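*Asks:* Contents of target09.txt (compact mmCIF, C-alpha atoms and all ligand atoms):
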```txt
# COMPACT_ATOMS: atom_id res chain seq x y z
CA MET A 776 34.92 -18.78 -16.66
CA THR A 777 35.36 -22.48 -16.13
CA ARG A 778 36.59 -24.73 -18.92
CA GLY A 779 35.90 -28.35 -19.48
CA GLU A 780 33.51 -30.66 -21.15
CA GLY A 781 29.96 -29.81 -20.32
CA ALA A 782 30.32 -26.22 -19.11
CA CYS A 783 28.02 -23.52 -20.50
CA LEU A 784 29.92 -20.80 -22.38
CA VAL A 785 27.47 -18.16 -21.17
CA CYS A 786 27.19 -18.93 -17.45
CA GLY A 787 29.52 -21.91 -16.72
CA LYS A 788 26.74 -24.21 -15.50
CA PRO A 789 26.67 -27.88 -16.61
CA LEU A 790 25.13 -28.84 -19.95
CA ILE A 791 22.13 -31.09 -20.10
CA TYR A 792 21.67 -33.51 -23.02
CA LEU A 793 18.19 -34.24 -24.36
CA LYS A 794 17.03 -37.52 -25.82
CA ARG A 795 15.56 -35.71 -28.84
CA ALA A 796 16.86 -32.63 -30.65
CA LYS A 797 14.89 -29.49 -29.90
CA GLU A 798 14.87 -26.13 -31.68
CA MET A 799 17.00 -23.69 -29.70
CA GLU A 800 18.13 -20.12 -30.16
CA CYS A 801 21.88 -19.41 -29.98
CA SER A 802 22.67 -17.09 -27.08
CA PHE A 803 25.20 -15.22 -29.21
CA CYS A 804 23.85 -14.92 -32.80
CA HIS A 805 20.17 -15.64 -32.02
CA LYS A 806 19.86 -17.98 -35.01
CA LYS A 807 17.74 -21.06 -34.41
CA TYR A 808 19.10 -24.59 -34.65
CA LYS A 809 18.07 -28.07 -33.60
CA SER A 810 20.29 -29.22 -30.77
CA TYR A 811 20.54 -31.88 -28.08
CA ALA A 812 22.39 -29.76 -25.55
CA ALA A 813 21.70 -26.67 -23.49
CA CYS A 814 22.80 -25.62 -20.02
CA GLU A 815 20.68 -25.91 -16.87
CA ASP A 816 19.52 -22.33 -17.46
CA GLY A 817 18.68 -22.99 -21.13
CA HIS A 818 21.70 -21.31 -22.79
CA PHE A 819 22.71 -22.72 -26.15
CA VAL A 820 25.71 -21.72 -28.30
CA CYS A 821 25.82 -22.82 -31.95
CA ASP A 822 28.94 -24.38 -33.51
CA ASP A 823 29.65 -21.36 -35.74
CA CYS A 824 29.66 -18.96 -32.79
CA HIS A 825 31.79 -21.36 -30.75
CA GLU A 826 34.48 -21.62 -33.42
CA GLU A 827 34.28 -17.93 -34.33
CA LYS A 828 34.87 -16.96 -30.68
CA GLY A 829 37.71 -19.45 -30.28
CA ILE A 830 39.57 -18.20 -33.35
CA ARG A 831 39.01 -14.55 -32.46
CA LEU A 832 40.40 -15.24 -28.99
CA ILE A 833 43.51 -16.88 -30.49
CA LEU A 834 44.17 -13.93 -32.80
CA GLU A 835 43.52 -11.21 -30.22
CA THR A 836 45.69 -12.90 -27.60
CA CYS A 837 48.56 -13.51 -30.04
CA ALA A 838 48.44 -9.95 -31.40
CA GLY A 839 49.10 -8.55 -27.91
CA SER A 840 51.46 -11.26 -26.66
CA THR A 841 55.14 -10.95 -25.78
CA ALA A 842 55.55 -14.74 -25.49
CA GLN A 843 58.76 -16.25 -26.83
CA ASN A 844 57.68 -19.80 -26.05
CA PRO A 845 54.97 -20.94 -28.50
CA ILE A 846 54.10 -24.07 -26.47
CA ALA A 847 53.45 -22.03 -23.32
CA LEU A 848 51.40 -19.57 -25.37
CA MET A 849 49.30 -22.41 -26.82
CA GLN A 850 48.80 -23.99 -23.41
CA ASP A 851 47.46 -20.68 -22.04
CA LEU A 852 45.05 -20.39 -24.93
CA MET A 853 43.96 -24.03 -24.64
CA GLU A 854 42.74 -23.33 -21.09
CA ASN A 855 39.93 -21.22 -22.50
CA PRO A 856 36.54 -22.95 -22.85
CA TYR A 857 36.14 -21.58 -26.38
CA LEU A 858 38.85 -23.96 -27.53
CA TYR A 859 37.48 -27.48 -27.71
CA MET A 860 39.58 -30.47 -26.60
CA HIS A 861 39.69 -31.41 -30.29
CA GLY A 862 38.71 -29.25 -33.24
CA PRO A 863 39.82 -27.40 -36.36
CA GLU A 864 40.64 -24.23 -34.42
CA HIS A 865 43.97 -25.97 -33.69
CA HIS A 866 44.80 -25.48 -37.40
CA VAL A 867 44.92 -21.74 -36.69
CA LEU A 868 46.32 -22.06 -33.16
CA VAL A 869 49.60 -23.81 -34.09
CA GLY A 870 50.61 -21.33 -36.79
CA ALA A 871 49.43 -18.30 -34.81
CA ALA A 872 51.49 -19.30 -31.75
CA LEU A 873 54.53 -19.88 -33.98
CA LEU A 874 54.16 -16.53 -35.79
CA THR A 875 53.86 -14.71 -32.46
CA ALA A 876 56.89 -16.35 -30.84
CA TYR A 877 58.88 -15.94 -34.07
CA ARG A 878 58.22 -12.19 -34.13
CA ASN A 879 58.95 -11.89 -30.37
CA CYS A 880 62.27 -13.70 -30.82
CA GLY A 881 63.48 -11.30 -33.48
CA GLY A 882 61.78 -12.51 -36.66
CA ALA A 883 61.08 -9.60 -39.01
CA ILE A 884 57.38 -9.95 -39.84
CA ASP A 885 54.28 -7.79 -39.67
CA LEU A 886 52.51 -9.83 -36.98
CA ALA A 887 49.01 -8.39 -37.51
CA ALA A 888 49.08 -9.09 -41.25
CA SER A 889 50.63 -12.53 -40.71
CA LEU A 890 47.99 -13.53 -38.13
CA SER A 891 45.20 -12.47 -40.40
CA GLU A 892 46.70 -14.55 -43.22
CA MET A 893 47.04 -17.46 -40.76
CA ARG A 894 43.36 -17.20 -39.98
CA GLU A 895 42.46 -17.34 -43.69
CA ARG A 896 44.63 -20.35 -44.41
CA GLY A 897 44.16 -22.27 -41.15
CA SER A 898 40.37 -22.02 -41.12
CA SER A 899 40.13 -23.45 -44.60
CA TYR A 900 41.74 -26.75 -43.51
CA PRO A 901 39.04 -29.20 -42.41
CA GLY A 902 38.76 -31.03 -39.10
CA GLY A 903 39.35 -34.78 -39.19
CA ALA A 904 41.80 -34.57 -42.12
CA CYS A 905 44.40 -36.38 -39.97
CA GLY A 906 42.46 -39.60 -40.22
CA LEU A 907 40.53 -39.02 -43.46
CA TRP A 908 43.21 -37.45 -45.67
CA GLY A 909 46.29 -38.76 -43.91
CA CYS A 910 47.56 -35.26 -43.18
CA CYS A 911 47.08 -33.70 -39.73
CA GLY A 912 46.11 -30.01 -39.70
CA ALA A 913 48.58 -29.21 -36.91
CA ALA A 914 51.43 -30.18 -39.25
CA VAL A 915 49.85 -28.23 -42.11
CA SER A 916 49.55 -25.22 -39.80
CA ALA A 917 53.32 -25.39 -39.18
CA GLY A 918 53.79 -25.38 -42.97
CA MET A 919 51.48 -22.35 -43.24
CA PHE A 920 53.56 -20.56 -40.58
CA PHE A 921 56.74 -21.16 -42.53
CA SER A 922 55.16 -20.21 -45.85
CA ILE A 923 53.88 -16.92 -44.41
CA VAL A 924 57.23 -16.08 -42.80
CA THR A 925 59.25 -16.84 -45.94
CA GLN A 926 56.56 -15.55 -48.34
CA ALA A 927 56.48 -18.84 -50.18
CA THR A 928 54.09 -19.31 -53.10
CA PRO A 929 53.63 -22.14 -55.59
CA LEU A 930 56.19 -20.35 -57.78
CA THR A 931 59.01 -19.79 -55.28
CA GLY A 932 62.05 -22.04 -55.06
CA LYS A 933 63.84 -22.48 -51.71
CA SER A 934 60.93 -21.29 -49.55
CA TRP A 935 58.58 -23.65 -51.41
CA GLY A 936 60.86 -26.58 -50.60
CA LEU A 937 61.33 -25.63 -46.95
CA SER A 938 57.61 -25.03 -46.38
CA ASN A 939 56.84 -28.55 -47.60
CA GLN A 940 59.75 -29.93 -45.63
CA ILE A 941 58.64 -28.45 -42.27
CA THR A 942 55.16 -29.94 -42.78
CA ALA A 943 56.77 -33.30 -43.57
CA GLN A 944 58.97 -33.15 -40.46
CA ALA A 945 56.04 -32.26 -38.19
CA LEU A 946 53.80 -34.88 -39.81
CA GLY A 947 56.49 -37.55 -39.49
CA ALA A 948 56.85 -36.88 -35.76
CA ILE A 949 53.06 -36.89 -35.29
CA ALA A 950 52.70 -40.14 -37.24
CA LYS A 951 55.39 -41.84 -35.20
CA LEU A 952 53.43 -41.32 -31.96
CA GLY A 953 50.41 -43.15 -33.42
CA GLY A 954 46.66 -42.63 -33.10
CA PRO A 955 43.91 -42.10 -32.20
CA ARG A 956 44.00 -38.39 -32.89
CA CYS A 957 44.65 -35.86 -30.18
CA CYS A 958 44.69 -32.20 -31.18
CA LYS A 959 46.77 -31.32 -28.10
CA ARG A 960 49.45 -33.99 -28.70
CA ASN A 961 49.60 -33.15 -32.42
CA SER A 962 49.83 -29.40 -31.76
CA PHE A 963 52.64 -29.79 -29.19
CA THR A 964 54.53 -32.08 -31.57
CA ALA A 965 54.09 -29.83 -34.64
CA VAL A 966 55.23 -26.73 -32.74
CA ARG A 967 58.24 -28.48 -31.25
CA GLU A 968 59.40 -29.68 -34.67
CA ALA A 969 58.71 -26.24 -36.19
CA VAL A 970 60.84 -24.52 -33.53
CA LEU A 971 63.79 -26.84 -34.24
CA PHE A 972 63.37 -26.51 -38.01
CA THR A 973 63.09 -22.71 -37.89
CA GLU A 974 66.23 -22.33 -35.79
CA HIS A 975 68.13 -24.55 -38.19
CA HIS A 976 66.95 -22.91 -41.40
CA LEU A 977 66.23 -19.30 -40.46
CA GLY A 978 68.45 -18.79 -37.41
CA ILE A 979 65.59 -17.53 -35.20
CA ARG A 980 65.56 -19.37 -31.89
CA MET A 981 62.18 -19.65 -30.20
CA GLU A 982 61.93 -21.02 -26.65
CA LEU A 983 60.71 -24.49 -25.76
CA PRO A 984 59.78 -25.82 -22.29
CA ASP A 985 62.32 -28.25 -20.78
CA GLN A 986 59.52 -30.76 -20.73
CA ILE A 987 56.12 -30.45 -22.39
CA GLN A 988 53.41 -31.49 -19.92
CA CYS A 989 49.83 -31.82 -21.04
CA GLY A 990 47.10 -30.55 -18.72
CA PHE A 991 44.24 -31.80 -20.86
CA TRP A 992 44.56 -35.58 -20.80
CA ALA A 993 41.60 -36.04 -18.43
CA GLU A 994 39.30 -34.42 -21.01
CA ASN A 995 40.42 -36.76 -23.78
CA GLN A 996 38.63 -40.08 -23.76
CA GLN A 997 41.18 -41.51 -26.20
CA CYS A 998 44.28 -40.25 -24.35
CA LEU A 999 47.26 -42.56 -24.89
CA LYS A 1000 48.32 -41.82 -21.28
CA GLN A 1001 51.65 -43.57 -20.54
CA HIS A 1002 52.21 -43.93 -24.29
CA CYS A 1003 52.01 -40.16 -24.89
CA PRO A 1004 55.26 -38.23 -24.32
CA TYR A 1005 53.31 -35.33 -22.78
CA TYR A 1006 51.31 -37.34 -20.23
CA PRO A 1007 52.28 -35.80 -16.89
CA TYR A 1008 52.15 -38.80 -14.57
CA VAL A 1009 54.78 -41.45 -14.10
CA PRO A 1010 53.05 -44.84 -13.90
CA GLU A 1011 52.81 -46.15 -10.37
CA HIS A 1012 54.54 -49.35 -9.43
CA PRO A 1013 52.82 -51.48 -6.75
ZN ZN B 1 24.22 -21.17 -19.17
ZN ZN B 2 25.33 -18.65 -32.91
```
How does this structure look as structure tokens?
Ligand SMILES: [Zn+2]
Ligand SMILES: [Zn+2]
*Replies:*
Amino acid sequence: MTRGEGACLVCGKPLIYLKRAKEMECSFCHKKYKSYAACEDGHFVCDDCHEEKGIRLILETCAGSTAQNPIALMQDLMENPYLYMHGPEHHVLVGAALLTAYRNCGGAIDLAASLSEMRERGSSYPGGACGLWGCCGAAVSAGMFFSIVTQATPLTGKSWGLSNQITAQALGAIAKLGGPRCCKRNSFTAVREAVLFTEHHLGIRMELPDQIQCGFWAENQQCLKQHCPYYPYVPEHP
């Protein structure tokens, strides 16, 4: 299956955009919607099915993963066409990758139960909140990870404080890099901060790559390129 903007999720052929919306039947759920896009062979996948498949893929992959490096695990998952370049599935992805690596590095959690809780919490955080609410969902997802691991609730003491603090640390690092939004950049940044925070406060050391290199910049029309720490190319000097 090929990934990338404009590839059909059913057959991989390019999508064609119409001038006017037309009623189409989703190839997966068979519900009918008005849409502007279908592939050359007429396949159409509705937004609900697209997100549903993406989140299911994240949870199934994490449940069976032995990864100790949550960035590498996320990067593998991001290669799949069911994960959009940008989208609210990243609010589940960040926390799920952290929970998985945490367990695989010795953290004592029930991974299946934790992932299912992550799905509940992460999917209830809306897309676009970074710009509209001033609080990026990748940072919130790191907070959800920490809350699940430490069983924080609104009534707990230390875990309540730390769960808010990890979100603040991730959000601060994301904010410092500046906009416009990039779900890849924000996810890498949130996970990196969460790994450092978790080692410091819980003594569980997850792995990080020596250097985080983004493979998705070409799909992001608003990529900061040389101004993003994960942009893989050194600027050329004439
Ligand atoms: Zn197709
Ligand atoms: Zn559908």
*Asks:* For Ser889 of chain A, which residue among A:Gly862, A:Val915, A:Thr925, A:Gly903 is the nearest when counting all atoms listed in the file?
*Replies:*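 Ranking A:Gly862, A:Val915, A:Thr925, A:Gly903 by distance to Ser889 of chain A, first place goes to A:Thr925.
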*Asks:* Could you give me, as a Markdown table, a per-residue list for segment 874-919 of chain A showing, wherever an atom lies at most 12 Å from an atom of segment 814-829 of chain A, the closest pair of atoms and their distance in Å to one decimal, using all atoms listed in the file and sorting by chain then residue number from low to high?
*Replies:*
```
| residue | atom | partner | partner_atom | distance |
| --- | --- | --- | --- | --- |
| A:Arg894 | CA | A:Glu827 | CA | 10.7 |
| A:Ser898 | CA | A:Glu826 | CA | 9.7 |
| A:Gly902 | CA | A:Glu826 | CA | 11.8 |
```
*Asks:* Tell me which residues come within 7 Å of (50.0, -34.7, -34.5), as a list in words, counting all atoms listed in the file in the file's coordinates.
*Replies:*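 Those within range, by chain then number, are Cys911, Ala913, Ala914, Leu946, Ile949, Ala950, Cys957, Cys958, Arg960, Asn961, Ser962, Thr964 and Ala965 of chain A.
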*Asks:* Residues at most 12 Å from ligand ZN 1 (chain B), using only C-alpha atoms and all ligand atoms? Could they come as number ranges by chain?
*Replies:* A: 776-777, 781-791, 801-803, 812-820
*Asks:* Quote the spacing between atom CA of Cys1003 of chain A and atom CA of Leu952 of chain A in Å to one decimal place.
*Replies:*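 Taking atom CA of Cys1003 of chain A and atom CA of Leu952 of chain A, their separation equals 7.3 Å.
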*Asks:* When you count all atoms listed in the file, which of these residues is closest to ligand ZN 2 (chain B): A:His805, A:Ala871, A:Gly912, A:Phe972?
*Replies:*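 The shortest atom-to-atom distance to ligand ZN 2 (chain B) comes from A:His805.
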*Asks:* Neighbours of segment 830-834 of chain A within 9 Å (all atoms listed in the file; same-chain residues fewer than 3 positions away dropped), as a ChimeraX atom specification?
*Replies:* /A:825-827,837-839,849,852,855,857-858,864-865,867-868,871-872,887,890-891,894,898
*Asks:* Using the file's own x, y and z axes, what box holds all listed atoms of segment 917-931 of chain A with 6 Å on each side, keeping edges along x, y and z, and what are its centre and edge lengths in Å to one decimal, as JSON?
*Replies:*
```
{"center_x": 55.4, "center_y": -20.5, "center_z": -48.5, "size_x": 19.8, "size_y": 21.8, "size_z": 30.6}
```
*Asks:* Quote the spacing between atom CA of Tyr792 of chain A and atom CA of Met853 of chain A in Å to one decimal place.
*Replies:*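 Going from atom CA of Tyr792 of chain A over to atom CA of Met853 of chain A covers 24.3 Å.
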*Asks:* For atom CA of Arg967 of chain A and atom CA of Leu874 of chain A, quote the distance in Å rounded to one decimal.
*Replies:* 13.4 Å
*Asks:* Could you check the closest approach to ligand ZN 2 (chain B) for each of A:Leu999, A:Ala842, A:Met799, A:Ala904 and tell me which residue wins, using only C-alpha atoms and all ligand atoms?
*Replies:*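 Ranked by minimum distance to ligand ZN 2 (chain B), first place goes to A:Met799.
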*Asks:* Would you mind telling me which residue in A:Cys804, A:Leu873, A:Met919, A:Val924 lies nearest to ligand ZN 2 (chain B) when using all atoms listed in the file?
*Replies:*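 Going through A:Cys804, A:Leu873, A:Met919, A:Val924 one by one, the smallest distance to ligand ZN 2 (chain B) is for A:Cys804.
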*Asks:* For the point (63.1, -29.5, -21.7) in file coordinates, what residues are within 12 Å, counting only C-alpha atoms? Give the answer as a list in words?
*Replies:*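 Nearby residues: Asn844, Ile846, Arg967, Glu982, Leu983, Pro984, Asp985, Gln986, Ile987, Gln988 and Tyr1005 of chain A.
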*Asks:* Counting all atoms listed in the file, figure out which residue out of A:Phe963, A:Tyr1008, A:Trp992, A:Tyr811 gets nearest to Ala917 of chain A.
*Replies:* A:Phe963
*Asks:* Can you tell me, as a list in words, what residues are no more than 8 Å from segment 974-980 of chain A when counting all atoms listed in the file, ignoring any on the same chain fewer than 2 positions away?
*Replies:*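 In the requested form, the answer reads Tyr877, Cys880, Gly881, Gly882, Val970, Leu971, Phe972 and Glu982 of chain A.
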*Asks:* So, with all atoms listed in the file as the atoms that count, which of A:Thr875, A:Gly947, A:Ala888, A:Gln997 lies closest to Leu848 of chain A?
*Replies:*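 Looking only at the distances to Leu848 of chain A, the closest residue turns out to be A:Thr875.
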*Asks:* List the neighbours of Ala993 of chain A out to 10 Å using all atoms listed in the file; skip same-chain residues closer than 4 positions along the sequence, and give me the result as a list in words.
*Replies:*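 Those residues are Gly779, Cys989, Gln997, Cys998, Lys1000 and Tyr1006 of chain A.
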